[in-house]
Structure formats: structure tokens, C-alpha cells
Amino acid sequence: MLDPRHLLRAKRWVQNPPAWWRVKLVFGVIVLALVIAGVERLGIWPDWATMEWSKTRF
């Protein structure tokens with residue numbers, strides 16, 4: 001369900017959109033995350049870059 005806060009934020013965003021470099025930065029980060037997820041999903045992610053999970057807590 002859409003919260004009225006979301007509508008107000010969308011209205012403000014339309015009236016004062018972010019800078020173009022910020023839009024490109026956000027899309028770049030999203031693309032990078034999708035590429036990393038895809039590489040890991042294909043099984044070609046190197047073992048040295050994988051975090052080992054432990055049962056102990058800090």
C-alpha cells in the first residue's frame with residue numbers, strides 16, 4: 001500500500017530532481033551489484049573473495 005509520505009517524497013523529487021551525476025552514480029552502483037550477484041550465481045566467483053561464516057558472534 002502506498003503511504004502518503006511516499007507521495008510527498010515523489011512530489012518533491014519531481015519538483016526538484018537530483019543532479020544527473022547522482023542518477024548515473026546510483027544506476028552504476030545497481031549495475032555493479034547485479035554484475036557481482038550474477039558472477040556469484042554462475043559459480044565463477046573466486047574463493048578468496050568469499051566470506052566464511054562462523055557461528056560465533058562478536
# chains A, B, ... in the order shown; residues from 1 in each chain; ligands from 1
>>> select_by_dssp(residues="chain A", states="helix (DSSP H, G or I)", output="PyMOL selection string")
chain A and resi 4-15+20-42+47-49
>>> closest_residue(among="A:Thr50, A:Leu8, A:Val23, A:Val14", to="Ile36 of chain A", atoms="only C-alpha atoms")
A:Thr50
>>> residues_around(residues="Ala49 of chain A", least_positions_apart="4", cutoff="12 Å", atoms="only C-alpha atoms", output="ChimeraX atom specification")
/A:36,39-40,44-45
>>> atom_distance(atom1="atom CA of Trp21 of chain A", atom2="atom CA of Leu7 of chain A")
24.2 Å
>>> decode(residues="chain A", atoms="C-alpha atoms", output="CSV table (one decimal), in the first residue's frame")
chain,number,residue,atom,x,y,z
A,1,MET,CA,0.0,0.0,0.0
A,2,LEU,CA,1.3,3.5,-0.8
A,3,ASP,CA,2.0,5.7,2.1
A,4,PRO,CA,1.2,9.4,1.9
A,5,ARG,CA,4.9,10.1,2.8
A,6,HIS,CA,5.9,8.3,-0.4
A,7,LEU,CA,3.6,10.5,-2.4
A,8,LEU,CA,5.0,13.6,-0.8
A,9,ARG,CA,8.6,12.5,-1.4
A,10,ALA,CA,7.8,11.7,-5.1
A,11,LYS,CA,6.2,15.1,-5.5
A,12,ARG,CA,9.3,16.8,-4.0
A,13,TRP,CA,11.6,14.6,-6.2
A,14,VAL,CA,9.7,15.7,-9.4
A,15,GLN,CA,9.8,19.3,-8.5
A,16,ASN,CA,13.5,19.2,-7.6
A,17,PRO,CA,15.1,16.2,-9.4
A,18,PRO,CA,18.6,15.1,-8.4
A,19,ALA,CA,21.7,16.0,-10.4
A,20,TRP,CA,22.4,13.9,-13.4
A,21,TRP,CA,25.7,12.7,-12.0
A,22,ARG,CA,23.9,11.4,-8.9
A,23,VAL,CA,21.4,9.5,-11.1
A,24,LYS,CA,24.3,7.9,-13.1
A,25,LEU,CA,26.1,7.0,-9.8
A,26,VAL,CA,23.0,5.2,-8.4
A,27,PHE,CA,22.4,3.3,-11.6
A,28,GLY,CA,26.2,2.4,-11.7
A,29,VAL,CA,26.1,1.0,-8.2
A,30,ILE,CA,22.9,-1.0,-9.0
A,31,VAL,CA,24.5,-2.4,-12.2
A,32,LEU,CA,27.7,-3.3,-10.3
A,33,ALA,CA,25.7,-5.1,-7.6
A,34,LEU,CA,23.8,-7.0,-10.3
A,35,VAL,CA,27.0,-8.0,-12.1
A,36,ILE,CA,28.6,-9.2,-8.8
A,37,ALA,CA,25.4,-11.2,-8.0
A,38,GLY,CA,25.4,-12.7,-11.5
A,39,VAL,CA,29.1,-13.8,-11.3
A,40,GLU,CA,28.5,-15.4,-7.9
A,41,ARG,CA,25.3,-17.1,-9.2
A,42,LEU,CA,27.2,-18.6,-12.1
A,43,GLY,CA,29.8,-20.0,-9.8
A,44,ILE,CA,32.8,-18.2,-11.1
A,45,TRP,CA,33.3,-16.0,-8.0
A,46,PRO,CA,36.8,-16.7,-6.6
A,47,ASP,CA,37.1,-18.5,-3.3
A,48,TRP,CA,39.4,-15.8,-1.9
A,49,ALA,CA,36.6,-13.2,-2.2
A,50,THR,CA,34.0,-15.3,-0.3
A,51,MET,CA,33.4,-14.6,3.3
A,52,GLU,CA,33.5,-17.6,5.7
A,53,TRP,CA,30.5,-17.6,8.1
A,54,SER,CA,31.2,-18.6,11.7
A,55,LYS,CA,28.8,-19.5,14.5
A,56,THR,CA,30.4,-17.2,17.0
A,57,ARG,CA,29.1,-13.6,17.5
A,58,PHE,CA,31.3,-10.6,18.2
